[in-house]
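Enquirer: Handing over target-v1.txt, compact mmCIF, C-alpha atoms and all ligand atoms.
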```txt
# COMPACT_ATOMS: atom_id res chain seq x y z
CA MET A 1 0.00 0.00 0.00
CA HIS A 2 1.20 3.51 -0.78
CA PRO A 3 2.53 5.04 2.48
CA MET A 4 0.52 8.24 1.96
CA LEU A 5 -2.67 6.21 1.54
CA ASN A 6 -1.85 4.46 4.77
CA ILE A 7 -1.53 7.78 6.63
CA GLY A 8 -4.74 9.02 5.00
CA ILE A 9 -6.54 5.92 6.27
CA ARG A 10 -5.17 6.53 9.77
CA ALA A 11 -6.51 10.10 9.61
CA ALA A 12 -9.93 8.93 8.35
CA ARG A 13 -10.24 6.35 11.12
CA ALA A 14 -9.29 8.95 13.75
CA ALA A 15 -12.02 11.24 12.41
CA GLY A 16 -14.44 8.30 12.31
CA ASN A 17 -13.81 7.71 16.02
CA VAL A 18 -14.70 11.33 16.82
CA ILE A 19 -17.92 10.93 14.82
CA THR A 20 -19.07 7.61 16.29
CA ARG A 21 -18.19 8.69 19.87
CA ASN A 22 -20.59 11.60 19.45
CA MET A 23 -23.39 9.84 17.60
CA ASP A 24 -25.50 9.36 20.72
CA ARG A 25 -25.04 12.85 22.09
CA VAL A 26 -26.02 15.06 19.17
CA ASP A 27 -28.38 16.98 21.50
CA THR A 28 -25.44 18.25 23.54
CA LEU A 29 -23.32 19.47 20.61
CA GLN A 30 -22.60 23.07 19.76
CA ILE A 31 -24.17 23.51 16.32
CA ASP A 32 -23.67 26.64 14.22
CA GLN A 33 -25.42 27.59 11.04
CA LYS A 34 -23.09 28.65 8.20
CA ALA A 35 -25.99 29.42 5.86
CA ARG A 36 -29.57 28.23 5.35
CA ASN A 37 -29.54 24.42 5.79
CA ASP A 38 -25.77 24.47 6.19
CA PHE A 39 -24.72 23.43 9.67
CA VAL A 40 -21.41 22.77 11.36
CA SER A 41 -21.00 21.07 14.71
CA ASP A 42 -18.22 20.41 17.20
CA VAL A 43 -17.97 17.02 15.56
CA ASP A 44 -17.17 18.41 12.10
CA ARG A 45 -14.53 20.65 13.67
CA GLY A 46 -13.15 17.97 16.01
CA ALA A 47 -12.95 15.36 13.24
CA GLU A 48 -11.13 17.81 10.97
CA ALA A 49 -8.67 18.69 13.76
CA GLU A 50 -7.85 14.97 14.17
CA ILE A 51 -7.25 14.59 10.43
CA ILE A 52 -4.99 17.65 10.27
CA ASN A 53 -3.09 16.42 13.30
CA VAL A 54 -2.39 13.00 11.76
CA LEU A 55 -1.47 14.39 8.34
CA LYS A 56 0.76 17.16 9.69
CA LYS A 57 2.64 14.75 11.95
CA SER A 58 3.72 12.62 8.99
CA TYR A 59 3.85 15.27 6.29
CA PRO A 60 4.53 18.72 7.73
CA ALA A 61 5.35 20.14 4.28
CA HIS A 62 2.06 19.10 2.67
CA SER A 63 -0.82 21.56 2.30
CA ILE A 64 -4.34 20.79 3.46
CA LEU A 65 -7.66 22.16 2.27
CA GLY A 66 -10.24 21.36 4.93
CA GLU A 67 -13.92 22.24 4.66
CA GLU A 68 -13.90 23.80 8.12
CA SER A 69 -10.36 25.27 8.19
CA GLY A 70 -9.81 26.41 4.61
CA TRP A 71 -6.26 26.26 3.31
CA ILE A 72 -3.45 25.32 5.64
CA GLY A 73 -0.27 25.92 3.67
CA ASP A 74 0.26 26.83 0.07
CA ALA A 75 -2.56 26.16 -2.40
CA GLU A 76 0.14 25.59 -5.05
CA ALA A 77 2.05 22.97 -3.03
CA GLU A 78 3.24 19.74 -4.69
CA TYR A 79 1.18 17.63 -2.26
CA LYS A 80 -2.31 18.79 -1.23
CA TRP A 81 -4.82 16.95 0.93
CA ILE A 82 -8.50 17.75 0.39
CA VAL A 83 -10.60 16.95 3.41
CA ASP A 84 -14.28 16.72 4.25
CA PRO A 85 -14.26 15.56 7.89
CA LEU A 86 -17.98 14.73 7.89
CA ASP A 87 -19.82 14.44 4.59
CA GLY A 88 -23.48 14.22 5.41
CA THR A 89 -23.69 16.56 8.40
CA THR A 90 -27.47 16.90 8.06
CA ASN A 91 -27.83 13.10 8.28
CA PHE A 92 -25.49 13.00 11.28
CA LEU A 93 -27.41 15.70 13.14
CA HIS A 94 -30.67 13.79 12.61
CA GLY A 95 -29.27 10.42 13.64
CA TYR A 96 -29.72 9.12 10.08
CA PRO A 97 -26.76 6.78 9.91
CA TYR A 98 -25.33 7.58 6.49
CA PHE A 99 -22.30 9.87 6.45
CA SER A 100 -18.60 9.61 5.77
CA VAL A 101 -15.11 10.99 6.08
CA SER A 102 -13.63 11.97 2.73
CA ILE A 103 -9.90 12.52 2.21
CA ALA A 104 -8.02 12.88 -1.08
CA LEU A 105 -4.40 13.56 -1.86
CA MET A 106 -3.38 15.49 -4.94
CA HIS A 107 0.15 15.26 -6.28
CA LYS A 108 1.15 17.93 -8.80
CA ASN A 109 -2.52 18.78 -9.24
CA ARG A 110 -3.53 15.19 -10.07
CA LEU A 111 -5.64 13.04 -7.79
CA ASP A 112 -3.34 10.41 -6.36
CA GLN A 113 -4.91 8.80 -3.28
CA ALA A 114 -8.49 8.62 -2.03
CA ILE A 115 -10.27 7.50 1.12
CA VAL A 116 -14.00 7.51 1.82
CA TYR A 117 -14.81 5.96 5.19
CA ASN A 118 -18.25 5.17 6.58
CA PRO A 119 -17.64 5.01 10.34
CA VAL A 120 -21.02 3.35 11.04
CA SER A 121 -20.69 0.40 8.66
CA GLN A 122 -16.88 0.64 8.90
CA GLU A 123 -16.68 0.35 5.14
CA LEU A 124 -13.38 1.77 3.96
CA PHE A 125 -13.26 2.74 0.29
CA THR A 126 -9.78 3.52 -1.02
CA ALA A 127 -8.09 4.19 -4.34
CA SER A 128 -4.55 4.86 -5.51
CA ARG A 129 -3.95 6.24 -8.97
CA GLY A 130 -3.16 3.33 -11.30
CA ASP A 131 -3.76 0.74 -8.59
CA GLY A 132 -7.55 0.42 -8.64
CA ALA A 133 -10.31 1.05 -6.14
CA TRP A 134 -10.95 -1.09 -3.08
CA LEU A 135 -13.61 -1.71 -0.46
CA ASN A 136 -11.70 -2.97 2.56
CA SER A 137 -9.65 -5.70 0.84
CA LYS A 138 -11.99 -6.27 -2.11
CA ARG A 139 -11.20 -4.83 -5.54
CA LEU A 140 -14.03 -2.69 -6.92
CA ARG A 141 -15.52 -2.48 -10.40
CA VAL A 142 -18.42 -0.37 -11.52
CA SER A 143 -21.52 -2.39 -12.44
CA ASN A 144 -22.15 -3.96 -15.84
CA THR A 145 -25.35 -1.98 -16.28
CA ALA A 146 -25.43 -0.87 -19.89
CA HIS A 147 -28.69 1.05 -20.20
CA LEU A 148 -30.17 3.97 -18.37
CA ASP A 149 -33.61 2.37 -18.17
CA LYS A 150 -32.12 -0.39 -15.98
CA ALA A 151 -29.88 1.94 -13.99
CA LEU A 152 -30.26 2.85 -10.32
CA LEU A 153 -29.15 6.47 -10.03
CA GLY A 154 -28.07 8.51 -7.03
CA THR A 155 -28.45 12.26 -6.72
CA GLY A 156 -28.21 15.18 -4.33
CA PHE A 157 -31.08 17.65 -4.07
CA PRO A 158 -30.30 21.36 -3.93
CA TYR A 159 -31.34 22.67 -0.54
CA ARG A 160 -29.38 25.85 -0.04
CA THR A 161 -30.15 29.43 -0.96
CA GLY A 162 -29.05 30.49 -4.42
CA GLN A 163 -29.14 27.04 -6.02
CA ASP A 164 -30.99 26.63 -9.32
CA LEU A 165 -33.91 24.49 -8.18
CA ASP A 166 -35.81 24.86 -11.48
CA PHE A 167 -32.93 23.46 -13.50
CA TYR A 168 -32.42 20.65 -11.00
CA GLN A 169 -36.11 19.74 -11.14
CA ARG A 170 -35.90 19.41 -14.91
CA THR A 171 -32.97 16.99 -14.55
CA LEU A 172 -34.88 15.03 -11.90
CA ARG A 173 -37.93 14.78 -14.13
CA HIS A 174 -35.95 13.44 -17.09
CA TYR A 175 -33.91 10.95 -15.09
CA THR A 176 -37.02 9.81 -13.23
CA GLU A 177 -38.72 9.08 -16.55
CA LYS A 178 -35.70 7.38 -18.13
CA SER A 179 -33.89 5.50 -15.33
CA GLY A 180 -34.65 2.40 -13.31
CA GLY A 181 -34.88 4.32 -10.03
CA ILE A 182 -33.42 7.17 -8.00
CA ARG A 183 -31.97 7.46 -4.48
CA ARG A 184 -30.96 10.51 -2.44
CA ALA A 185 -28.87 9.31 0.47
CA GLY A 186 -27.21 12.53 1.69
CA SER A 187 -23.46 12.04 1.37
CA ALA A 188 -21.94 12.90 -2.01
CA ALA A 189 -18.71 11.06 -1.16
CA LEU A 190 -20.63 7.85 -0.36
CA ASP A 191 -22.76 8.31 -3.50
CA LEU A 192 -19.59 8.27 -5.61
CA ALA A 193 -18.20 5.34 -3.61
CA ALA A 194 -21.47 3.50 -4.35
CA VAL A 195 -20.89 3.98 -8.08
CA ALA A 196 -17.36 2.60 -7.70
CA ALA A 197 -18.79 -0.39 -5.81
CA GLY A 198 -21.47 -1.09 -8.44
CA ARG A 199 -24.30 -0.34 -6.02
CA LEU A 200 -25.40 2.67 -8.04
CA ASP A 201 -25.00 2.77 -11.82
CA GLY A 202 -24.75 6.54 -12.06
CA VAL A 203 -25.08 9.79 -10.13
CA TRP A 204 -25.68 13.44 -10.82
CA LEU A 205 -24.86 15.85 -8.04
CA VAL A 206 -25.15 19.60 -7.59
CA GLY A 207 -23.89 22.22 -5.16
CA LEU A 208 -20.61 20.45 -4.47
CA SER A 209 -17.24 21.71 -3.31
CA ALA A 210 -13.85 20.14 -4.01
CA TRP A 211 -13.89 18.29 -0.67
CA ASP A 212 -17.21 16.60 -1.50
CA VAL A 213 -15.97 15.13 -4.76
CA ALA A 214 -12.16 14.77 -4.79
CA ALA A 215 -11.86 11.35 -3.14
CA GLY A 216 -15.03 9.92 -4.72
CA ALA A 217 -13.88 10.94 -8.20
CA LEU A 218 -10.70 8.87 -7.96
CA LEU A 219 -12.72 5.93 -6.60
CA VAL A 220 -15.08 6.04 -9.61
CA ARG A 221 -12.31 6.35 -12.17
CA GLU A 222 -10.13 3.65 -10.62
CA ALA A 223 -13.18 1.34 -10.60
CA GLY A 224 -13.60 1.81 -14.36
CA GLY A 225 -16.30 4.47 -14.29
CA LEU A 226 -16.42 7.87 -15.97
CA LEU A 227 -16.87 11.21 -14.26
CA ASN A 228 -17.30 14.71 -15.68
CA ASP A 229 -19.24 17.91 -15.21
CA PHE A 230 -22.76 18.11 -16.68
CA SER A 231 -21.42 19.10 -20.11
CA GLY A 232 -18.97 16.20 -20.24
CA GLY A 233 -16.15 18.62 -19.38
CA ASP A 234 -13.53 18.89 -16.67
CA THR A 235 -14.86 21.60 -14.35
CA TRP A 236 -16.22 19.03 -11.89
CA MET A 237 -13.70 19.63 -9.10
CA ASP A 238 -14.54 23.29 -8.53
CA GLY A 239 -17.64 23.76 -10.70
CA GLY A 240 -20.13 22.25 -8.26
CA GLU A 241 -21.73 19.76 -10.70
CA VAL A 242 -20.73 16.13 -11.18
CA LEU A 243 -22.08 13.36 -13.38
CA ALA A 244 -20.58 9.88 -13.02
CA GLY A 245 -21.42 6.31 -13.90
CA THR A 246 -20.56 3.13 -15.70
CA PRO A 247 -19.21 4.08 -19.16
CA LYS A 248 -22.50 3.30 -20.89
CA VAL A 249 -24.80 4.81 -18.28
CA HIS A 250 -22.58 7.90 -18.09
CA HIS A 251 -22.94 8.29 -21.86
CA GLU A 252 -26.74 8.02 -21.76
CA MET A 253 -26.95 10.37 -18.79
CA LEU A 254 -24.92 12.97 -20.68
CA GLN A 255 -27.24 12.63 -23.69
CA VAL A 256 -30.22 13.38 -21.44
CA MET A 257 -28.37 16.30 -19.83
CA LYS A 258 -27.25 17.96 -23.08
CA PRO A 259 -30.53 19.69 -24.10
CA LEU A 260 -31.20 20.68 -20.49
CA ILE A 261 -27.83 22.43 -20.28
CA LYS A 262 -28.48 24.09 -23.64
CA SER A 263 -31.79 25.53 -22.48
CA ARG A 264 -30.21 26.63 -19.16
CA ASP A 265 -27.48 28.47 -21.09
CA LYS A 266 -30.13 30.09 -23.28
CA ILE A 267 -32.10 31.31 -20.25
CA ALA A 268 -28.88 32.62 -18.64
CA SER A 269 -27.87 34.59 -21.75
CA LYS A 270 -31.26 36.38 -21.98
C1 LIG B 1 -23.16 17.74 1.62
C2 LIG B 1 -23.55 16.32 1.27
C3 LIG B 1 -24.81 16.28 0.48
C4 LIG B 1 -24.73 17.12 -0.78
C5 LIG B 1 -24.28 18.54 -0.45
C6 LIG B 1 -22.98 18.52 0.36
P1 LIG B 1 -21.85 18.23 3.94
O1 LIG B 1 -21.95 17.80 2.36
O2 LIG B 1 -22.53 15.70 0.51
O3 LIG B 1 -25.13 14.97 0.08
O4 LIG B 1 -25.98 17.15 -1.41
O5 LIG B 1 -24.11 19.28 -1.64
O6 LIG B 1 -22.60 19.84 0.67
O7 LIG B 1 -22.26 19.65 4.02
O8 LIG B 1 -22.73 17.33 4.69
O9 LIG B 1 -20.40 18.01 4.21
CA CA B 2 -19.57 17.49 2.14
CA CA B 3 -18.77 18.32 5.64
```
Would you encode the structure as structure tokens?
Ligand code: IPD
Ligand code: CA
Ligand code: CA
Expert:
Amino acid sequence: MHPMLNIGIRAARAAGNVITRNMDRVDTLQIDQKARNDFVSDVDRGAEAEIINVLKKSYPAHSILGEESGWIGDAEAEYKWIVDPLDGTTNFLHGYPYFSVSIALMHKNRLDQAIVYNPVSQELFTASRGDGAWLNSKRLRVSNTAHLDKALLGTGFPYRTGQDLDFYQRTLRHYTEKSGGIRRAGSAALDLAAVAAGRLDGVWLVGLSAWDVAAGALLVREAGGLLNDFSGGDTWMDGGEVLAGTPKVHHEMLQVMKPLIKSRDKIASK
């Protein structure tokens, strides 16, 4: 195993311990609201502090982008960790047991290592560039699903101020009509891990930040899936929109998306 992946796993497990220790005492946590429907608790902050601590101990020269801390170190560094200490905070705060720790390492601006850890099920999804994607010790492949009408899709609803709900609803309508079913589970990192594991055949996600998607993207690609932005382009890391799936489902999903993007662009240019 790549030594940096190993340290990333150690950091994810340390964060997972903070999360599970606090699962039964959500009522006593200090919870702050960053924006409408955007909460942060002591657990998000505590889990991120554990991750930073572990990473800094082994790699003091590496930079870290944490959801709660922002950049620590140089955003242009050779090695950059991208951290979401608790992906699925809303689920966590409601005792809905589906959330994760997401940690990715970029080397020279390429995704190199990825960890998505579900501390409740203790499923550890990992990927190293060129070395495949893994669930615990099992190698992952995306599913063989070849057609959208048989595909189970995952998604993330927009729920924050300023998001384009009308556009999203059009995508939901089309995928509802054309797919085999849709799930909204509440952790983008686990949604992408589910594509890598063949549990979902595709996903389309909105309102994302780099820390929501970085680790999951490497998992999908190392498991043989495809991942892009909604136009089939490469703005997915910082552009907020991600579409991923098995090669064939990804293709069909993009075909459905194309006219919707075109009409969105037309409305925007008016
Ligand atoms: C959120 C979750 C959710 C997605 C949101 C994310 P957070 O992350 O991944 O599934 O729909 O866009 O912001 O805030 O729980 O870390
Ligand atoms: Ca997140
Ligand atoms: Ca988070």
Enquirer: One decimal, Å: what's the distance from CA of Leu218 in chain A over to CA of Ile82 in chain A, could you say?
Expert: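 The value is 12.4 Å.
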Enquirer: Leaving out Lys57 in chain A and any residue of its chain fewer than 3 positions from it, which residues lie within 12 Å of it when counting only C-alpha atoms, given as a count of residues only?
Expert: 12
Enquirer: When you count all atoms listed in the file, which of these residues is closest to ligand CA 2 (chain B): A:Lys266, A:Asp112, A:Gly66, A:Thr145?
Expert: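 Using all atoms listed in the file, the shortest distance to ligand CA 2 (chain B) belongs to A:Gly66.
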Enquirer: Restricting the calculation to only C-alpha atoms and all ligand atoms, which member of A:Arg221, A:His174, A:Arg184, A:Lys150 is positioned closest to ligand LIG 1 (chain B)?
Expert: A:Arg184
Enquirer: All residues within 8 Å of ligand CA 2 (chain B) are required, counting all atoms listed in the file; please report them as an mmCIF file with C-alpha atoms, in the coordinates of the input.
Expert:
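Below you can see part-v1.cif, which holds the result:
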```cif
data_model
loop_
_atom_site.group_PDB
_atom_site.id
_atom_site.type_symbol
_atom_site.label_atom_id
_atom_site.label_comp_id
_atom_site.auth_asym_id
_atom_site.auth_seq_id
_atom_site.Cartn_x
_atom_site.Cartn_y
_atom_site.Cartn_z
ATOM 1 C CA GLU A 67 -13.920 22.240 4.660
ATOM 2 C CA ASP A 84 -14.280 16.720 4.250
ATOM 3 C CA LEU A 86 -17.980 14.730 7.890
ATOM 4 C CA ASP A 87 -19.820 14.440 4.590
ATOM 5 C CA GLY A 88 -23.480 14.220 5.410
ATOM 6 C CA THR A 89 -23.690 16.560 8.400
ATOM 7 C CA SER A 187 -23.460 12.040 1.370
ATOM 8 C CA ALA A 188 -21.940 12.900 -2.010
ATOM 9 C CA ALA A 189 -18.710 11.060 -1.160
ATOM 10 C CA LEU A 208 -20.610 20.450 -4.470
ATOM 11 C CA SER A 209 -17.240 21.710 -3.310
ATOM 12 C CA TRP A 211 -13.890 18.290 -0.670
ATOM 13 C CA ASP A 212 -17.210 16.600 -1.500
#
```
Enquirer: Name each residue within 10 Å of ligand LIG 1 (chain B), counting only C-alpha atoms and all ligand atoms, as an MDAnalysis selection string.
Expert: chainID A and resid 34 37:40 44 67:68 83:93 98:102 155:160 184:191 205:213 240:241
Enquirer: Store the residues picked out above, limited to C-alpha atoms, as an mmCIF file, in the frame of the given file.
Expert:
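And here's result08.cif as it stands now:
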```cif
data_model
loop_
_atom_site.group_PDB
_atom_site.id
_atom_site.type_symbol
_atom_site.label_atom_id
_atom_site.label_comp_id
_atom_site.auth_asym_id
_atom_site.auth_seq_id
_atom_site.Cartn_x
_atom_site.Cartn_y
_atom_site.Cartn_z
ATOM 1 C CA LYS A 34 -23.090 28.650 8.200
ATOM 2 C CA ASN A 37 -29.540 24.420 5.790
ATOM 3 C CA ASP A 38 -25.770 24.470 6.190
ATOM 4 C CA PHE A 39 -24.720 23.430 9.670
ATOM 5 C CA VAL A 40 -21.410 22.770 11.360
ATOM 6 C CA ASP A 44 -17.170 18.410 12.100
ATOM 7 C CA GLU A 67 -13.920 22.240 4.660
ATOM 8 C CA GLU A 68 -13.900 23.800 8.120
ATOM 9 C CA VAL A 83 -10.600 16.950 3.410
ATOM 10 C CA ASP A 84 -14.280 16.720 4.250
ATOM 11 C CA PRO A 85 -14.260 15.560 7.890
ATOM 12 C CA LEU A 86 -17.980 14.730 7.890
ATOM 13 C CA ASP A 87 -19.820 14.440 4.590
ATOM 14 C CA GLY A 88 -23.480 14.220 5.410
ATOM 15 C CA THR A 89 -23.690 16.560 8.400
ATOM 16 C CA THR A 90 -27.470 16.900 8.060
ATOM 17 C CA ASN A 91 -27.830 13.100 8.280
ATOM 18 C CA PHE A 92 -25.490 13.000 11.280
ATOM 19 C CA LEU A 93 -27.410 15.700 13.140
ATOM 20 C CA TYR A 98 -25.330 7.580 6.490
ATOM 21 C CA PHE A 99 -22.300 9.870 6.450
ATOM 22 C CA SER A 100 -18.600 9.610 5.770
ATOM 23 C CA VAL A 101 -15.110 10.990 6.080
ATOM 24 C CA SER A 102 -13.630 11.970 2.730
ATOM 25 C CA THR A 155 -28.450 12.260 -6.720
ATOM 26 C CA GLY A 156 -28.210 15.180 -4.330
ATOM 27 C CA PHE A 157 -31.080 17.650 -4.070
ATOM 28 C CA PRO A 158 -30.300 21.360 -3.930
ATOM 29 C CA TYR A 159 -31.340 22.670 -0.540
ATOM 30 C CA ARG A 160 -29.380 25.850 -0.040
ATOM 31 C CA ARG A 184 -30.960 10.510 -2.440
ATOM 32 C CA ALA A 185 -28.870 9.310 0.470
ATOM 33 C CA GLY A 186 -27.210 12.530 1.690
ATOM 34 C CA SER A 187 -23.460 12.040 1.370
ATOM 35 C CA ALA A 188 -21.940 12.900 -2.010
ATOM 36 C CA ALA A 189 -18.710 11.060 -1.160
ATOM 37 C CA LEU A 190 -20.630 7.850 -0.360
ATOM 38 C CA ASP A 191 -22.760 8.310 -3.500
ATOM 39 C CA LEU A 205 -24.860 15.850 -8.040
ATOM 40 C CA VAL A 206 -25.150 19.600 -7.590
ATOM 41 C CA GLY A 207 -23.890 22.220 -5.160
ATOM 42 C CA LEU A 208 -20.610 20.450 -4.470
ATOM 43 C CA SER A 209 -17.240 21.710 -3.310
ATOM 44 C CA ALA A 210 -13.850 20.140 -4.010
ATOM 45 C CA TRP A 211 -13.890 18.290 -0.670
ATOM 46 C CA ASP A 212 -17.210 16.600 -1.500
ATOM 47 C CA VAL A 213 -15.970 15.130 -4.760
ATOM 48 C CA GLY A 240 -20.130 22.250 -8.260
ATOM 49 C CA GLU A 241 -21.730 19.760 -10.700
#
```
Enquirer: As a list in words, please: the residues near Thr28 in chain A (cut-off 12 Å, all atoms listed in the file, same-chain neighbours under 6 positions excluded).
Expert: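 Non-adjacent residues within range: Asn22, Ser41, Asp42, Val43 and Leu93 of chain A.
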Enquirer: Applying 6 Å and all atoms listed in the file, which residues near range 214-216 of chain A remain after dropping the ones on its own chain fewer than 3 positions away? List them as a list in words.
Expert: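 Once the nearby chain positions are removed, what remains is Ile103, Ala104, Ala114, Ile115, Ala189, Leu192, Ala193, Ala210, Trp211 and Leu219 of chain A.
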Enquirer: Rounded to one decimal in Å, what is the spacing between CA of Val249 in chain A and CA of Asp201 in chain A?
Expert: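 We find that CA of Val249 in chain A and CA of Asp201 in chain A lie 6.8 Å from each other.
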Enquirer: When you look at Gly198 in chain A with a cut-off of 8 Å (counting only C-alpha atoms), what residues show up, excluding the ones that are within fewer than 3 positions of it in the same chain? I need them as a list in words.
Expert: Leu140, Arg141, Val142, Ser143, Asn144, Ala194, Val195 and Asp201 of chain A
Enquirer: Go ahead and write the residues just picked, C-alpha atoms, as a short mmCIF file (atom, residue, chain, number, x, y, z; two decimals), in the frame of the given file.
Expert:
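This is the output file part.cif:
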```cif
data_model
loop_
_atom_site.label_atom_id
_atom_site.label_comp_id
_atom_site.auth_asym_id
_atom_site.auth_seq_id
_atom_site.Cartn_x
_atom_site.Cartn_y
_atom_site.Cartn_z
CA LEU A 140 -14.03 -2.69 -6.92
CA ARG A 141 -15.52 -2.48 -10.40
CA VAL A 142 -18.42 -0.37 -11.52
CA SER A 143 -21.52 -2.39 -12.44
CA ASN A 144 -22.15 -3.96 -15.84
CA ALA A 194 -21.47 3.50 -4.35
CA VAL A 195 -20.89 3.98 -8.08
CA ASP A 201 -25.00 2.77 -11.82
#
```
Enquirer: Would you work out the distance separating CA of Val18 in chain A from CA of Glu48 in chain A, expressed in Å to one decimal?
Expert: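 Distance reported for this atom pair: 9.4 Å.
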Enquirer: Return the single residue from A:Ile19, A:Ile261, A:Leu124, A:Ile9 that is closest to ligand CA 3 (chain B), with distances computed using only C-alpha atoms and all ligand atoms.
Expert: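 Of A:Ile19, A:Ile261, A:Leu124, A:Ile9, the one nearest ligand CA 3 (chain B) is A:Ile19, counting only C-alpha atoms and all ligand atoms.
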Enquirer: Leaving out Lys262 in chain A and any residue of its chain fewer than 6 positions from it, which residues lie within 12 Å of it when counting all atoms listed in the file, given as a list of chain:residue names?
Expert: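 Here the answer would be A:Phe167, A:Phe230, A:Ser231, A:Gln255, A:Val256, A:Ala268, A:Ser269.
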Enquirer: Could you check which of A:Val26, A:Leu227, A:Ala47, A:Met106 is closest to ligand CA 3 (chain B), using all atoms listed in the file?
Expert: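 Checking each of A:Val26, A:Leu227, A:Ala47, A:Met106 against ligand CA 3 (chain B), counting all atoms listed in the file, the winner is A:Ala47.
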Enquirer: Between A:Val203, A:Val242, A:Leu135, A:Met253, which has the minimum distance to Ser121 in chain A (counting only C-alpha atoms)?
Expert: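 Looking at the shortest contact to Ser121 in chain A, the residue is A:Leu135.
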